[in-house]
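Below is coords22.cif, holding mmCIF, C-alpha atoms and all ligand atoms.
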data_data
#
loop_
_atom_site.label_atom_id
_atom_site.label_comp_id
_atom_site.auth_asym_id
_atom_site.auth_seq_id
_atom_site.Cartn_x
_atom_site.Cartn_y
_atom_site.Cartn_z
CA MET P 1143 -143.41 15.48 -49.48
CA LYS P 1144 -143.03 12.40 -47.36
CA HIS P 1145 -139.41 12.01 -48.40
CA TYR P 1146 -138.78 15.61 -47.60
CA LEU P 1147 -140.07 15.15 -44.04
CA VAL P 1148 -137.98 12.07 -43.51
CA PHE P 1149 -134.96 13.98 -44.75
CA ILE P 1150 -135.55 16.79 -42.23
CA LEU P 1151 -136.06 14.27 -39.46
CA LEU P 1152 -132.85 12.43 -40.28
CA THR P 1153 -130.91 15.65 -40.59
CA SER P 1154 -132.06 16.92 -37.22
CA LEU P 1155 -131.34 13.58 -35.58
CA CYS P 1156 -127.82 13.62 -37.00
CA MET P 1157 -127.25 17.21 -35.94
CA GLY P 1158 -128.34 16.34 -32.42
CA GLY P 1159 -126.19 13.26 -32.32
CA PHE P 1160 -123.00 14.28 -34.02
CA ALA P 1161 -122.83 18.07 -34.24
CA GLN P 1162 -120.66 18.06 -31.14
CA ASN P 1163 -119.06 15.42 -28.97
CA SER P 1164 -121.82 13.82 -26.95
CA LYS P 1165 -121.45 14.57 -23.29
CA LYS P 1166 -121.89 11.73 -20.83
CA ALA P 1167 -121.76 11.82 -17.04
CA ILE P 1168 -121.35 9.18 -14.35
CA PHE P 1169 -121.44 9.69 -10.63
CA VAL P 1170 -120.41 7.04 -8.18
CA ILE P 1171 -121.08 6.80 -4.46
CA VAL P 1172 -118.80 4.42 -2.60
CA ASP P 1173 -120.21 4.09 0.86
CA GLY P 1174 -118.74 5.40 4.10
CA ILE P 1175 -115.03 6.17 3.50
CA SER P 1176 -113.69 9.20 5.36
CA ALA P 1177 -111.11 11.48 3.71
CA ASP P 1178 -108.21 10.44 5.97
CA VAL P 1179 -108.66 6.81 4.94
CA ILE P 1180 -108.80 7.44 1.20
CA GLU P 1181 -105.71 9.64 1.53
CA LYS P 1182 -103.57 7.22 3.45
CA LEU P 1183 -104.31 4.13 1.35
CA ASN P 1184 -102.99 3.21 -2.06
CA THR P 1185 -105.67 4.01 -4.64
CA PRO P 1186 -104.03 3.87 -8.06
CA ALA P 1187 -107.28 4.00 -10.03
CA LEU P 1188 -108.64 7.02 -8.16
CA ASP P 1189 -105.24 8.67 -8.57
CA ALA P 1190 -105.29 8.10 -12.33
CA ILE P 1191 -108.73 9.70 -12.58
CA ALA P 1192 -107.75 12.61 -10.34
CA ARG P 1193 -104.67 13.26 -12.49
CA GLU P 1194 -107.02 14.31 -15.30
CA GLY P 1195 -109.12 16.49 -13.02
CA GLY P 1196 -108.60 16.61 -9.32
CA TYR P 1197 -109.05 15.33 -5.80
CA ALA P 1198 -110.55 17.44 -3.05
CA ARG P 1199 -111.58 17.01 0.52
CA ALA P 1200 -115.28 17.68 0.85
CA HIS P 1201 -118.06 17.53 3.39
CA VAL P 1202 -121.54 16.24 4.12
CA GLY P 1203 -123.80 17.14 7.02
CA GLY P 1204 -125.01 20.60 5.99
CA GLU P 1205 -124.26 23.48 8.32
CA LYS P 1206 -123.28 22.07 11.66
CA GLY P 1207 -125.58 23.59 14.29
CA GLY P 1208 -127.49 25.50 11.59
CA TYR P 1209 -130.87 25.06 9.94
CA SER P 1210 -129.44 22.81 7.24
CA GLU P 1211 -127.62 20.41 9.57
CA THR P 1212 -127.99 17.02 7.96
CA PRO P 1213 -127.46 13.54 9.48
CA THR P 1214 -124.33 11.81 8.16
CA ILE P 1215 -126.40 8.81 7.09
CA SER P 1216 -126.30 7.01 3.76
CA ALA P 1217 -129.59 7.70 1.98
CA VAL P 1218 -129.58 11.22 3.38
CA GLY P 1219 -126.24 11.87 1.73
CA TYR P 1220 -127.24 10.22 -1.56
CA ASN P 1221 -130.27 12.47 -1.76
CA SER P 1222 -128.17 15.54 -1.06
CA LEU P 1223 -126.09 14.55 -4.06
CA LEU P 1224 -129.13 13.84 -6.25
CA THR P 1225 -130.98 17.07 -5.42
CA GLY P 1226 -128.15 19.48 -4.59
CA THR P 1227 -129.93 20.33 -1.34
CA TRP P 1228 -129.58 19.57 2.36
CA VAL P 1229 -132.09 17.66 4.44
CA ASN P 1230 -134.16 20.71 5.48
CA LYS P 1231 -135.29 20.66 1.85
CA HIS P 1232 -135.08 17.13 0.48
CA ASN P 1233 -136.53 15.63 3.69
CA VAL P 1234 -134.83 12.22 3.64
CA TRP P 1235 -133.76 11.96 7.28
CA ASP P 1236 -132.61 8.35 7.42
CA ASN P 1237 -132.45 5.12 5.45
CA ASP P 1238 -136.20 4.54 5.78
CA ILE P 1239 -136.70 7.27 3.16
CA ALA P 1240 -140.17 7.87 4.60
CA ALA P 1241 -141.21 11.06 2.81
CA PRO P 1242 -138.76 12.53 0.29
CA ASN P 1243 -139.81 15.98 -0.86
CA TYR P 1244 -139.88 15.50 -4.62
CA ASN P 1245 -140.43 19.21 -5.17
CA TYR P 1246 -136.63 19.37 -5.03
CA TRP P 1247 -135.81 17.66 -8.29
CA THR P 1248 -133.05 15.12 -8.73
CA ILE P 1249 -130.40 15.44 -11.44
CA PHE P 1250 -132.26 12.66 -13.28
CA ARG P 1251 -135.44 14.71 -13.35
CA PHE P 1252 -133.67 17.87 -14.49
CA LEU P 1253 -132.13 15.93 -17.37
CA GLU P 1254 -135.32 14.09 -18.37
CA GLU P 1255 -137.50 17.23 -18.21
CA GLN P 1256 -135.21 19.16 -20.53
CA TYR P 1257 -134.02 16.30 -22.72
CA PRO P 1258 -136.67 13.54 -22.70
CA GLY P 1259 -134.66 11.55 -25.24
CA LYS P 1260 -131.50 11.29 -23.14
CA LYS P 1261 -130.66 7.93 -21.64
CA THR P 1262 -130.37 7.37 -17.90
CA ALA P 1263 -129.23 4.40 -15.82
CA VAL P 1264 -128.84 3.30 -12.20
CA PHE P 1265 -126.51 0.50 -11.09
CA SER P 1266 -126.94 -0.30 -7.40
CA SER P 1267 -127.24 -3.05 -4.83
CA TRP P 1268 -130.00 -1.09 -3.18
CA GLU P 1269 -133.30 -0.87 -5.04
CA ASP P 1270 -134.56 2.11 -2.99
CA ASN P 1271 -132.06 4.35 -4.75
CA ARG P 1272 -134.12 4.08 -7.88
CA THR P 1273 -137.62 3.45 -6.55
CA LYS P 1274 -137.60 5.91 -3.64
CA LEU P 1275 -134.86 8.50 -4.11
CA VAL P 1276 -135.05 8.97 -7.87
CA GLY P 1277 -138.68 8.00 -7.41
CA GLU P 1278 -139.22 6.09 -10.62
CA ASN P 1279 -142.85 5.89 -11.76
CA LEU P 1280 -144.18 8.08 -8.96
CA SER P 1281 -146.67 10.80 -9.82
CA ALA P 1282 -144.79 13.15 -7.46
CA THR P 1283 -141.71 12.88 -9.71
CA GLY P 1284 -143.66 13.37 -12.92
CA ASN P 1285 -143.58 9.58 -13.36
CA ILE P 1286 -139.92 9.74 -14.22
CA LYS P 1287 -138.64 6.66 -16.05
CA LEU P 1288 -135.05 5.54 -16.24
CA ASP P 1289 -133.91 3.84 -19.40
CA TYR P 1290 -131.99 1.13 -17.63
CA HIS P 1291 -131.40 -0.24 -14.16
CA PHE P 1292 -129.47 -3.04 -12.57
CA ASP P 1293 -130.33 -3.22 -8.89
CA GLY P 1294 -132.11 -5.03 -6.09
CA LEU P 1295 -129.59 -7.88 -5.82
CA GLU P 1296 -129.75 -7.54 -2.05
CA LEU P 1297 -133.21 -9.06 -2.29
CA ASP P 1298 -131.94 -12.07 -4.23
CA THR P 1299 -130.99 -14.39 -1.38
CA ILE P 1300 -130.86 -17.43 -3.65
CA ASN P 1301 -127.89 -16.22 -5.68
CA TYR P 1302 -126.53 -14.03 -2.92
CA PRO P 1303 -127.23 -15.78 0.39
CA HIS P 1304 -126.56 -13.37 3.23
CA ASP P 1305 -123.50 -14.76 4.95
CA LYS P 1306 -122.32 -13.35 8.26
CA SER P 1307 -119.06 -12.03 6.87
CA ARG P 1308 -121.09 -10.12 4.27
CA ASP P 1309 -118.98 -11.49 1.42
CA PHE P 1310 -122.22 -11.53 -0.56
CA MET P 1311 -122.15 -7.75 -0.58
CA HIS P 1312 -118.77 -7.71 -2.26
CA ARG P 1313 -120.12 -10.17 -4.82
CA ILE P 1314 -123.11 -7.89 -5.41
CA ASP P 1315 -120.86 -4.85 -5.85
CA GLU P 1316 -118.83 -6.86 -8.36
CA ALA P 1317 -122.00 -7.76 -10.28
CA VAL P 1318 -123.09 -4.10 -10.20
CA VAL P 1319 -119.74 -2.86 -11.51
CA ASN P 1320 -119.47 -5.56 -14.16
CA ASN P 1321 -122.94 -4.75 -15.37
CA ALA P 1322 -122.19 -1.03 -15.39
CA VAL P 1323 -118.99 -1.60 -17.39
CA GLU P 1324 -120.78 -3.76 -19.92
CA HIS P 1325 -123.75 -1.42 -20.29
CA ILE P 1326 -121.62 1.71 -20.52
CA LYS P 1327 -119.38 0.19 -23.18
CA LYS P 1328 -122.40 -0.87 -25.21
CA GLU P 1329 -125.05 1.78 -24.62
CA ALA P 1330 -123.25 4.79 -23.13
CA PRO P 1331 -126.12 6.28 -21.12
CA ASP P 1332 -126.04 10.06 -20.90
CA LEU P 1333 -126.29 9.97 -17.10
CA SER P 1334 -125.43 7.02 -14.87
CA TRP P 1335 -125.41 6.49 -11.11
CA VAL P 1336 -123.25 3.69 -9.73
CA TYR P 1337 -123.64 2.85 -6.06
CA LEU P 1338 -121.37 0.45 -4.12
CA GLU P 1339 -121.93 -0.63 -0.54
CA TYR P 1340 -119.30 -3.14 0.63
CA THR P 1341 -116.88 -0.58 2.11
CA ASP P 1342 -119.52 0.62 4.55
CA ASP P 1343 -120.31 -2.95 5.61
CA MET P 1344 -116.66 -3.58 6.46
CA GLY P 1345 -116.51 -0.24 8.25
CA HIS P 1346 -119.47 -1.16 10.43
CA MET P 1347 -118.12 -4.64 11.18
CA TYR P 1348 -114.45 -3.94 11.75
CA GLY P 1349 -114.00 -0.16 11.95
CA ASP P 1350 -110.52 1.12 11.10
CA SER P 1351 -108.97 -2.20 10.21
CA GLU P 1352 -107.21 -4.26 7.59
CA GLN P 1353 -110.61 -5.62 6.50
CA PHE P 1354 -111.91 -2.12 5.86
CA TYR P 1355 -108.74 -1.10 4.03
CA LYS P 1356 -108.96 -4.20 1.87
CA ALA P 1357 -112.52 -3.25 0.93
CA VAL P 1358 -111.26 0.19 -0.10
CA ALA P 1359 -108.61 -1.46 -2.31
CA MET P 1360 -111.31 -3.60 -3.94
CA MET P 1361 -113.36 -0.47 -4.56
CA ASP P 1362 -110.37 1.20 -6.18
CA ASP P 1363 -109.98 -1.75 -8.51
CA GLN P 1364 -113.69 -1.45 -9.41
CA MET P 1365 -113.21 2.25 -10.19
CA GLY P 1366 -110.33 1.27 -12.45
CA ARG P 1367 -112.65 -0.93 -14.48
CA LEU P 1368 -115.26 1.82 -14.77
CA TRP P 1369 -112.52 4.20 -15.87
CA GLN P 1370 -111.45 1.73 -18.56
CA ALA P 1371 -115.01 1.56 -19.84
CA ILE P 1372 -114.98 5.35 -20.16
CA GLN P 1373 -111.65 5.22 -22.03
CA TYR P 1374 -113.12 2.65 -24.38
CA ARG P 1375 -116.04 4.96 -25.21
CA LYS P 1376 -113.81 7.99 -25.59
CA GLN P 1377 -111.46 6.23 -27.97
CA ASN P 1378 -114.06 4.48 -30.08
CA PHE P 1379 -116.95 6.93 -30.07
CA LYS P 1380 -115.31 10.32 -29.44
CA GLU P 1381 -117.61 11.07 -26.56
CA ASP P 1382 -116.84 13.54 -23.80
CA TRP P 1383 -117.15 11.82 -20.41
CA VAL P 1384 -117.10 13.17 -16.90
CA ILE P 1385 -117.02 11.07 -13.75
CA TYR P 1386 -117.50 12.18 -10.15
CA ILE P 1387 -116.67 9.68 -7.42
CA THR P 1388 -117.52 10.46 -3.82
CA THR P 1389 -118.68 8.99 -0.53
CA ASP P 1390 -121.81 9.64 1.49
CA HIS P 1391 -120.26 10.15 4.95
CA GLY P 1392 -117.12 9.55 6.96
CA ARG P 1393 -116.84 7.49 10.15
CA ASP P 1394 -116.43 8.17 13.84
CA ALA P 1395 -112.94 8.99 15.13
CA GLN P 1396 -112.90 6.48 18.00
CA SER P 1397 -113.49 3.17 16.23
CA GLY P 1398 -114.40 3.95 12.65
CA LYS P 1399 -117.45 1.73 13.03
CA HIS P 1400 -120.17 4.35 13.24
CA HIS P 1401 -121.55 7.41 11.54
CA GLY P 1402 -124.61 9.64 11.66
CA GLY P 1403 -123.32 12.44 13.90
CA GLN P 1404 -121.62 15.74 13.26
CA SER P 1405 -118.02 15.03 14.27
CA ASP P 1406 -115.34 16.27 11.90
CA ARG P 1407 -114.50 12.77 10.74
CA GLU P 1408 -118.12 11.78 10.12
CA ARG P 1409 -118.57 14.95 8.07
CA SER P 1410 -115.33 14.54 6.16
CA THR P 1411 -115.66 13.22 2.62
CA TRP P 1412 -113.85 13.66 -0.68
CA ILE P 1413 -114.45 13.98 -4.40
CA VAL P 1414 -112.40 12.51 -7.24
CA THR P 1415 -113.17 13.64 -10.76
CA ASN P 1416 -111.68 13.88 -14.23
CA ALA P 1417 -113.62 17.13 -14.81
CA LYS P 1418 -111.85 19.89 -16.71
CA GLY P 1419 -111.93 23.49 -15.54
CA LEU P 1420 -112.20 22.79 -11.82
CA ASN P 1421 -112.44 26.08 -9.96
CA ASN P 1422 -110.69 27.27 -6.82
CA TYR P 1423 -113.76 26.52 -4.78
CA PHE P 1424 -113.25 22.84 -5.65
CA LYS P 1425 -109.56 23.04 -4.81
CA THR P 1426 -109.63 25.03 -1.59
CA GLY P 1427 -113.23 25.66 -0.57
CA ASN P 1428 -114.08 22.36 1.15
CA PRO P 1429 -116.97 21.74 -1.24
CA GLY P 1430 -120.07 19.78 -0.25
CA VAL P 1431 -121.83 16.73 -1.64
CA VAL P 1432 -124.52 19.18 -2.81
CA ASP P 1433 -122.07 20.71 -5.31
CA ILE P 1434 -121.86 17.62 -7.50
CA MET P 1435 -125.39 17.94 -8.90
CA PRO P 1436 -124.96 21.50 -10.26
CA SER P 1437 -121.54 20.49 -11.62
CA ILE P 1438 -123.01 17.60 -13.60
CA ALA P 1439 -125.90 19.83 -14.70
CA ASN P 1440 -123.36 22.31 -16.09
CA PHE P 1441 -121.48 19.61 -17.91
CA LEU P 1442 -124.65 18.16 -19.48
CA ASN P 1443 -125.88 21.63 -20.51
CA ILE P 1444 -128.90 21.41 -18.28
CA SER P 1445 -130.37 24.85 -17.69
CA ILE P 1446 -131.95 24.76 -14.29
CA PRO P 1447 -135.08 26.96 -14.23
CA ARG P 1448 -134.55 30.12 -12.19
CA GLU P 1449 -137.05 29.34 -9.42
CA ARG P 1450 -135.34 25.95 -8.94
CA LEU P 1451 -131.85 27.39 -9.10
CA MET P 1452 -132.83 29.72 -6.26
CA GLU P 1453 -133.36 26.64 -4.05
CA ILE P 1454 -130.21 24.67 -4.81
CA ASP P 1455 -127.66 24.67 -2.01
CA GLY P 1456 -124.73 23.55 -4.12
CA MET P 1457 -122.58 25.38 -6.65
CA PRO P 1458 -120.71 24.12 -9.71
CA LEU P 1459 -117.18 22.89 -9.10
CA THR P 1460 -116.17 23.91 -12.60
CA GLY P 1461 -116.17 27.30 -14.27
CA LYS P 1462 -116.33 30.74 -12.79
CA LEU P 1463 -118.00 31.47 -9.46
CA TYR P 1464 -118.63 35.03 -8.34
CA ALA P 1465 -119.37 34.46 -4.67
CA THR P 1466 -119.46 31.72 -2.02
CA THR P 1467 -120.09 31.34 1.70
CA ALA P 1468 -123.27 33.31 2.29
CA ASP P 1469 -124.32 34.07 5.82
CA ILE P 1470 -127.31 35.88 7.24
CA SER P 1471 -128.50 37.10 10.61
CA LEU P 1472 -131.64 38.86 11.80
CA LEU P 1473 -131.47 41.40 14.59
CA ASN P 1474 -133.78 44.31 15.43
CA ASN P 1475 -135.66 44.11 12.12
CA LYS P 1476 -132.45 44.18 10.15
CA LEU P 1477 -131.11 41.40 7.99
CA ARG P 1478 -127.36 41.36 7.73
CA ILE P 1479 -126.32 39.36 4.67
CA THR P 1480 -122.68 38.60 3.94
CA TRP P 1481 -120.80 36.61 1.34
CA LYS P 1482 -117.29 36.05 0.09
CA ALA P 1483 -116.68 37.72 -3.27
CA LEU P 1484 -114.45 35.84 -5.71
CA GLU P 1485 -114.72 38.55 -8.38
CA LYS P 1486 -114.20 42.26 -7.88
CA LYS P 1487 -116.58 43.46 -10.59
CA GLY P 1488 -120.31 43.14 -10.82
CA ASN P 1489 -123.24 43.46 -8.48
CA ALA P 1490 -125.07 41.29 -6.02
CA LYS P 1491 -128.83 41.43 -6.14
CA ILE P 1492 -130.51 40.61 -2.84
CA TRP P 1493 -133.86 38.86 -3.22
CA LEU P 1494 -136.17 38.22 -0.30
CA SER P 1495 -139.21 36.03 0.24
CA THR P 1496 -141.19 35.57 3.45
CA THR P 1497 -142.88 32.39 2.23
CA ASN P 1498 -141.73 28.86 1.49
CA HIS P 1499 -144.43 27.68 -0.89
CA PHE P 1500 -141.77 25.99 -3.02
CA LYS P 1501 -141.65 23.26 -0.39
CA GLU P 1502 -145.28 22.38 -1.24
CA GLY P 1503 -144.82 22.70 -4.97
CA GLY P 1504 -145.95 26.33 -5.09
CA LYS P 1505 -144.25 29.58 -5.98
CA ASP P 1506 -142.60 32.15 -3.79
CA GLU P 1507 -142.65 35.82 -4.58
CA TYR P 1508 -139.16 37.20 -4.27
CA ILE P 1509 -138.83 40.95 -3.86
CA LEU P 1510 -135.62 42.67 -4.88
CA GLN P 1511 -134.33 44.46 -1.79
CA ALA P 1512 -131.00 45.84 -2.86
CA THR P 1513 -128.34 45.84 -5.56
CA VAL P 1514 -124.88 46.29 -4.10
CA PRO P 1515 -121.35 45.92 -5.46
CA LEU P 1516 -120.27 42.31 -5.16
CA ALA P 1517 -116.96 43.43 -3.67
CA LYS P 1518 -118.76 44.99 -0.70
CA GLN P 1519 -119.54 41.48 0.57
CA GLU P 1520 -122.36 42.76 2.74
CA ALA P 1521 -125.91 44.06 2.57
CA ILE P 1522 -128.10 45.33 5.40
CA ILE P 1523 -131.82 45.09 4.72
CA ASP P 1524 -134.40 46.81 6.89
CA VAL P 1525 -137.34 44.41 7.15
CA SER P 1526 -139.51 46.41 9.57
CA LYS P 1527 -142.07 46.80 6.74
CA LEU P 1528 -141.93 43.07 5.97
CA PRO P 1529 -142.50 41.52 9.40
CA SER P 1530 -142.07 37.75 9.33
CA SER P 1531 -140.67 34.99 11.48
CA PHE P 1532 -139.05 33.44 8.41
CA TYR P 1533 -137.07 34.83 5.48
CA LYS P 1534 -135.57 33.20 2.42
CA VAL P 1535 -132.75 35.21 0.91
CA VAL P 1536 -131.14 34.70 -2.47
CA ILE P 1537 -127.95 36.50 -3.45
CA GLU P 1538 -127.82 36.70 -7.22
CA THR P 1539 -124.40 37.37 -8.73
CA PRO P 1540 -123.58 37.63 -12.46
CA GLY P 1541 -122.77 33.93 -12.50
CA ASN P 1542 -124.10 32.02 -9.52
CA MET P 1543 -126.71 32.21 -6.79
CA LEU P 1544 -126.43 31.66 -3.06
CA ASN P 1545 -129.41 31.08 -0.82
CA ARG P 1546 -129.98 31.16 2.92
CA TRP P 1547 -132.89 30.89 5.32
CA VAL P 1548 -133.20 32.79 8.54
CA ALA P 1549 -135.79 32.38 11.25
CA GLU P 1550 -136.32 34.63 14.23
CA ARG P 1551 -134.64 33.31 17.32
CA LYS P 1552 -137.28 32.44 19.86
ZN ZN P 1601 -123.39 5.12 3.98
#
Can you present the structure in this file as structure tokens?
Amino acid sequence: MKHYLVFILLTSLCMGGFAQNSKKAIFVIVDGISADVIEKLNTPALDAIAREGGYARAHVGGEKGGYSETPTISAVGYNSLLTGTWVNKHNVWDNDIAAPNYNYWTIFRFLEEQYPGKKTAVFSSWEDNRTKLVGENLSATGNIKLDYHFDGLELDTINYPHDKSRDFMHRIDEAVVNNAVEHIKKEAPDLSWVYLEYTDDMGHMYGDSEQFYKAVAMMDDQMGRLWQAIQYRKQNFKEDWVIYITTDHGRDAQSGKHHGGQSDRERSTWIVTNAKGLNNYFKTGNPGVVDIMPSIANFLNISIPRERLMEIDGMPLTGKLYATTADISLLNNKLRITWKALEKKGNAKIWLSTTNHFKEGGKDEYILQATVPLAKQEAIIDVSKLPSSFYKVVIETPGNMLNRWVAERK
């Protein structure tokens, strides 16, 4: 009997481990490099990765002038990547990370909730990325635990004394990358986050300058080493790896020293990936930083629960999308909802909620208001019987969801 149980256990372990190529994902944030800069400089490593997948211009900052407008600030952007939502939801407004709303789960939490046995890792100069954004060991994040981290070197002023030229930050980035390479080659975590800071430091100090460009070249070399570690795993262990590399914001147009605002250049970012099956939205849709999370979730076969999917602002960059670009307006008790249909067949279901309990960890009751042909690209909903100063709308297509908020103009 005992032997029989052990046999079943071993069999199921093997099936889980080897039945298909294990899928592994890495995302990298290299800090503060606008799209024009990455495009004009020589980046052989990024180019090699993009040749297997693609390069696209992208954006941060949410909807400029809209309810999701999001500061083009570092931790704000990282959390948009982690949660697939803009700041009106995730609530990290600056680098103080005062009160993240953990009701909007990170990609780490989605993975760990569904697959508790999967391995996760963070490699970062900045410790807050793990302790505050991912929220390791906090009750509000379900006490999420990462399997491995290498971070906090910024606090080690013995080995990395803070010199004025901030060379120490380059040395920290090197240590972070070297550690990531070593750990990935050996342990191959299922989901890894690598964060590198030095480019942003040079941007702040020198703006658009040779120093900044040199930092970008160093970053490219670091990406080359990460890419080699992935090749090593692919060749020796037959794993299926995806990598997404992006930046958290651009820089101002005048000097290149600043960021935080909503200018085109501060909002302009980019994504490099080796992902297969990139869709047209990736190629031509000016995707957002919020789209990376659902893309990785797709790749890792994470099924995001419906009520959570209804809150995510991003869409997968791979596979088929049915609609993008939702808009909504409220006038004279009528909601006008529009979208851009990418498929001619199928219907759009229009769901409406007048509450936002999700924000506090509760549930919203969505009422189906209409089912219209996707190709119509518009629905008009009479809300005179549902008076409210706030509406959440979800457009459900056969393959993806879009969500929008609208509040009465005062
Ligand atoms: Zn930054």
Can you tell me which residues surround stretch 1330-1344 of chain P at a distance of at most 6 Å, considering all atoms listed in the file, apart from same-chain residues fewer than 5 positions away, and format the answer as a PyMOL selection string? chain P and resi 1166-1174+1261-1266+1311-1312+1315+1354+1357
Ligand ZN 1601 (chain P): which residues are within 12 Å, counting only C-alpha atoms and all ligand atoms? Reply as a PDB file with C-alpha atoms, keeping the file's coordinate frame.
ATOM      1  CA  ILE P1171    -121.080   6.800  -4.460  1.00  0.00           C
ATOM      2  CA  VAL P1172    -118.800   4.420  -2.600  1.00  0.00           C
ATOM      3  CA  ASP P1173    -120.210   4.090   0.860  1.00  0.00           C
ATOM      4  CA  GLY P1174    -118.740   5.400   4.100  1.00  0.00           C
ATOM      5  CA  ILE P1175    -115.030   6.170   3.500  1.00  0.00           C
ATOM      6  CA  SER P1176    -113.690   9.200   5.360  1.00  0.00           C
ATOM      7  CA  VAL P1202    -121.540  16.240   4.120  1.00  0.00           C
ATOM      8  CA  PRO P1213    -127.460  13.540   9.480  1.00  0.00           C
ATOM      9  CA  THR P1214    -124.330  11.810   8.160  1.00  0.00           C
ATOM     10  CA  ILE P1215    -126.400   8.810   7.090  1.00  0.00           C
ATOM     11  CA  SER P1216    -126.300   7.010   3.760  1.00  0.00           C
ATOM     12  CA  ALA P1217    -129.590   7.700   1.980  1.00  0.00           C
ATOM     13  CA  VAL P1218    -129.580  11.220   3.380  1.00  0.00           C
ATOM     14  CA  GLY P1219    -126.240  11.870   1.730  1.00  0.00           C
ATOM     15  CA  TYR P1220    -127.240  10.220  -1.560  1.00  0.00           C
ATOM     16  CA  ASN P1221    -130.270  12.470  -1.760  1.00  0.00           C
ATOM     17  CA  ASP P1236    -132.610   8.350   7.420  1.00  0.00           C
ATOM     18  CA  ASN P1237    -132.450   5.120   5.450  1.00  0.00           C
ATOM     19  CA  TRP P1268    -130.000  -1.090  -3.180  1.00  0.00           C
ATOM     20  CA  TYR P1337    -123.640   2.850  -6.060  1.00  0.00           C
ATOM     21  CA  LEU P1338    -121.370   0.450  -4.120  1.00  0.00           C
ATOM     22  CA  GLU P1339    -121.930  -0.630  -0.540  1.00  0.00           C
ATOM     23  CA  TYR P1340    -119.300  -3.140   0.630  1.00  0.00           C
ATOM     24  CA  THR P1341    -116.880  -0.580   2.110  1.00  0.00           C
ATOM     25  CA  ASP P1342    -119.520   0.620   4.550  1.00  0.00           C
ATOM     26  CA  ASP P1343    -120.310  -2.950   5.610  1.00  0.00           C
ATOM     27  CA  MET P1344    -116.660  -3.580   6.460  1.00  0.00           C
ATOM     28  CA  GLY P1345    -116.510  -0.240   8.250  1.00  0.00           C
ATOM     29  CA  HIS P1346    -119.470  -1.160  10.430  1.00  0.00           C
ATOM     30  CA  THR P1388    -117.520  10.460  -3.820  1.00  0.00           C
ATOM     31  CA  THR P1389    -118.680   8.990  -0.530  1.00  0.00           C
ATOM     32  CA  ASP P1390    -121.810   9.640   1.490  1.00  0.00           C
ATOM     33  CA  HIS P1391    -120.260  10.150   4.950  1.00  0.00           C
ATOM     34  CA  GLY P1392    -117.120   9.550   6.960  1.00  0.00           C
ATOM     35  CA  ARG P1393    -116.840   7.490  10.150  1.00  0.00           C
ATOM     36  CA  LYS P1399    -117.450   1.730  13.030  1.00  0.00           C
ATOM     37  CA  HIS P1400    -120.170   4.350  13.240  1.00  0.00           C
ATOM     38  CA  HIS P1401    -121.550   7.410  11.540  1.00  0.00           C
ATOM     39  CA  GLY P1402    -124.610   9.640  11.660  1.00  0.00           C
ATOM     40  CA  GLU P1408    -118.120  11.780  10.120  1.00  0.00           C
ATOM     41  CA  ARG P1409    -118.570  14.950   8.070  1.00  0.00           C
ATOM     42  CA  THR P1411    -115.660  13.220   2.620  1.00  0.00           C
TER      43      THR P1411
END
If you measure from atom CA of P:Ala1200 to atom CA of P:Val1234, what distance in Å do you get, rounded to one decimal? 20.5 Å
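What separates atom CA of P:Ile1470 from atom CA of P:Gly1504 is a distance of 24.3 Å.
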Local residues around (-133.9, 17.1, -2.7), at most 12 Å away, using all atoms listed in the file, as a PyMOL selection string: chain P and resi 1217-1235+1239+1241-1252+1274-1277+1283+1432+1435+1450+1453-1456+1500-1501
With C-alpha atoms retained, export the selected residues as a compact mmCIF listing (two decimals), in the coordinates of the input.
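Final output, saved to out-v4.txt:
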# COMPACT_ATOMS: atom_id res chain seq x y z
CA ALA P 1217 -129.59 7.70 1.98
CA VAL P 1218 -129.58 11.22 3.38
CA GLY P 1219 -126.24 11.87 1.73
CA TYR P 1220 -127.24 10.22 -1.56
CA ASN P 1221 -130.27 12.47 -1.76
CA SER P 1222 -128.17 15.54 -1.06
CA LEU P 1223 -126.09 14.55 -4.06
CA LEU P 1224 -129.13 13.84 -6.25
CA THR P 1225 -130.98 17.07 -5.42
CA GLY P 1226 -128.15 19.48 -4.59
CA THR P 1227 -129.93 20.33 -1.34
CA TRP P 1228 -129.58 19.57 2.36
CA VAL P 1229 -132.09 17.66 4.44
CA ASN P 1230 -134.16 20.71 5.48
CA LYS P 1231 -135.29 20.66 1.85
CA HIS P 1232 -135.08 17.13 0.48
CA ASN P 1233 -136.53 15.63 3.69
CA VAL P 1234 -134.83 12.22 3.64
CA TRP P 1235 -133.76 11.96 7.28
CA ILE P 1239 -136.70 7.27 3.16
CA ALA P 1241 -141.21 11.06 2.81
CA PRO P 1242 -138.76 12.53 0.29
CA ASN P 1243 -139.81 15.98 -0.86
CA TYR P 1244 -139.88 15.50 -4.62
CA ASN P 1245 -140.43 19.21 -5.17
CA TYR P 1246 -136.63 19.37 -5.03
CA TRP P 1247 -135.81 17.66 -8.29
CA THR P 1248 -133.05 15.12 -8.73
CA ILE P 1249 -130.40 15.44 -11.44
CA PHE P 1250 -132.26 12.66 -13.28
CA ARG P 1251 -135.44 14.71 -13.35
CA PHE P 1252 -133.67 17.87 -14.49
CA LYS P 1274 -137.60 5.91 -3.64
CA LEU P 1275 -134.86 8.50 -4.11
CA VAL P 1276 -135.05 8.97 -7.87
CA GLY P 1277 -138.68 8.00 -7.41
CA THR P 1283 -141.71 12.88 -9.71
CA VAL P 1432 -124.52 19.18 -2.81
CA MET P 1435 -125.39 17.94 -8.90
CA ARG P 1450 -135.34 25.95 -8.94
CA GLU P 1453 -133.36 26.64 -4.05
CA ILE P 1454 -130.21 24.67 -4.81
CA ASP P 1455 -127.66 24.67 -2.01
CA GLY P 1456 -124.73 23.55 -4.12
CA PHE P 1500 -141.77 25.99 -3.02
CA LYS P 1501 -141.65 23.26 -0.39
